[in-house]
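S.K.: Have a look at this one.
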Amino acid sequence: MVTSDQRRRQLAREKYERQQKRRAEARHKARQRAAVIGAAVAVVVATLVGLVVGGVFDEDKKDQAGDTAASPSAAPSPKQSPSPAMAIDKNAKYTFDLKTSAGEVKFEMDAAKTPETVNSFKSLADKGFFNNTKCHRLTTSGIFVLQCGDPEGTGMGGPGYTIADENLDSLGKPNEQGQVIYPAGTVAMANTGQPHSGGSQFFLVYKDSPLAPSYTPFGKIDAAGLKALEDVAKAGTADGGQDGAPKTPVTIEKGTVTQN
């Protein structure tokens, strides 16, 4: 017969064994959770490493340098046609006259410094390529430009060919951030970020702008044209942001290139 004292000891032992079992199960579950969390962290770390190595975060680094996010980019234009044959006087100067809805903008181009660019713009203008096209992008922070030359008015269009970069060392030696100043009044080629990828899109600088020396500078805006650009810039963008369509619409009604 089991005495009351033996029964109490038996119940205490069973209670102790149950407690130990629950503690063991809790430790096991904790180890499982830790293993799952560790695996998840490892995946995240591996993913981040892959993104960095793969260049996904390169854009963020460039953004911090004040380039790329606010850069005169143009969508790639597949080569559907050859670039125009050379048909200009490489020793001459030319004037690009843009009659726009916001005022007349003229700029001089020196064929001796940028023969491929001037030749392309002369060829396109002679065909009426720029007529009735919108200047689709205004930037008011980081860089200060109005971007034009896209027949689609979206930033996605081009002439169907690309031209070589030119005159890239004309603005001086880059600073520690790899940038030079594109002075107010400069006209330069937009591109895809890759060498020799310019098409028909160009940007008009209305205030000194720091950029990598990757955009062919090929023109100098006259005083009246610069004043017209400054007025457009003062109105800002259509949505009030720092980068977007200008609030004051700018349409190139006619663009012509003539030899001086």
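Starting from 1 in every chain, residues are counted up; chains themselves are A, B, ... following the order of the structure tokens, and ligands are numbered from 1 as listed.
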Excluding segment 186-191 of chain A and its own-chain neighbours fewer than 2 positions away, which residues fall within 10 Å of it when counting only C-alpha atoms? Please give them as number ranges by chain.

M.R.: A: 71-77, 107-109, 117, 145-149, 155, 162-163, 165-166, 182-184, 193-209, 214-222, 226

S.K.: Which neighbours of Asn91 of chain A fall inside 10 Å, counting only C-alpha atoms, when residues of the same chain fewer than 5 positions from it are skipped, and could you give them as an NGL selection string?

M.R.: :A and (110-113 or 115)

S.K.: Smallest atom-to-atom distance to Asn119 of chain A: which of A:Lys227, A:Lys90, A:Arg18, A:Lys173, using only C-alpha atoms?

M.R.: A:Lys90

S.K.: Among segment 46-232 of chain A, which residues does DSSP mark as alpha helix (DSSP H) when it is run on the backbone? Keep the chain and numbering as in the structure and answer as a ChimeraX atom specification.

M.R.: /A:46-54,58-64,115-126,223-232

S.K.: Just the residues within 12 Å of Ala228 of chain A, please, counting only C-alpha atoms, with nothing from its chain fewer than 3 positions along; format it as a PyMOL selection string.

M.R.: chain A and resi 98-106+146+185+204-206+221-225+231-235+248+250

S.K.: Take the residues just selected and output them with C-alpha atoms as a short mmCIF file (atom, residue, chain, number, x, y, z; two decimals), in the first residue's frame.

M.R.:
data_model
loop_
_atom_site.label_atom_id
_atom_site.label_comp_id
_atom_site.auth_asym_id
_atom_site.auth_seq_id
_atom_site.Cartn_x
_atom_site.Cartn_y
_atom_site.Cartn_z
CA LEU A 98 14.61 77.47 -81.89
CA LYS A 99 11.35 79.32 -82.21
CA THR A 100 9.47 78.13 -79.12
CA SER A 101 6.15 78.87 -77.44
CA ALA A 102 8.14 80.43 -74.57
CA GLY A 103 10.31 82.68 -76.74
CA GLU A 104 13.13 82.42 -79.25
CA VAL A 105 16.26 80.55 -78.21
CA LYS A 106 19.36 80.75 -80.39
CA LEU A 146 15.51 72.19 -69.78
CA GLY A 185 24.05 79.08 -71.39
CA LEU A 204 19.75 73.82 -72.23
CA VAL A 205 21.55 74.90 -69.06
CA TYR A 206 19.96 77.98 -67.44
CA ILE A 221 22.84 80.23 -75.86
CA ASP A 222 22.41 83.92 -76.61
CA ALA A 223 21.31 86.39 -73.91
CA ALA A 224 17.67 86.59 -75.04
CA GLY A 225 17.37 82.83 -75.16
CA ASP A 231 11.50 82.60 -67.04
CA VAL A 232 10.42 79.02 -67.75
CA ALA A 233 12.51 77.80 -64.81
CA LYS A 234 11.01 80.36 -62.42
CA ALA A 235 7.55 78.89 -63.01
CA THR A 248 5.07 76.68 -68.63
CA VAL A 250 7.66 74.77 -74.10
#

S.K.: State, in Å with one decimal place, the distance from atom CA of His136 of chain A to atom CA of Asn260 of chain A.

M.R.: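 Computing it gives 28.9 Å between the two atoms.
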
S.K.: Which residue gives the smallest distance to Asp243 of chain A among A:Pro213, A:Thr140, A:Gly153, A:Asn175, with only C-alpha atoms counted?

M.R.: A:Thr140

S.K.: Do you know which residues are at most 10 Å from Phe129 of chain A counting only C-alpha atoms, after dropping those on the same chain fewer than 5 positions away, and could you put them as a PDB file with C-alpha atoms, in the first residue's frame?

M.R.:
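Saved as out_6.pdb:
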ATOM      1  CA  PHE A 121      21.590  68.506 -85.851  1.00  0.00           C
ATOM      2  CA  SER A 123      20.609  67.131 -90.980  1.00  0.00           C
ATOM      3  CA  LEU A 124      17.700  66.663 -88.563  1.00  0.00           C
ATOM      4  CA  GLY A 149      14.747  67.186 -78.779  1.00  0.00           C
ATOM      5  CA  ASP A 150      12.485  64.170 -78.261  1.00  0.00           C
ATOM      6  CA  PRO A 151       9.956  63.795 -81.083  1.00  0.00           C
ATOM      7  CA  GLY A 158      15.290  59.706 -80.821  1.00  0.00           C
ATOM      8  CA  PRO A 159      16.363  59.815 -84.459  1.00  0.00           C
ATOM      9  CA  SER A 200      18.534  63.991 -80.817  1.00  0.00           C
ATOM     10  CA  LYS A 254      10.386  75.364 -85.594  1.00  0.00           C
ATOM     11  CA  GLY A 255      14.067  74.522 -85.376  1.00  0.00           C
ATOM     12  CA  THR A 256      16.510  75.586 -88.082  1.00  0.00           C
TER      13      THR A 256
END
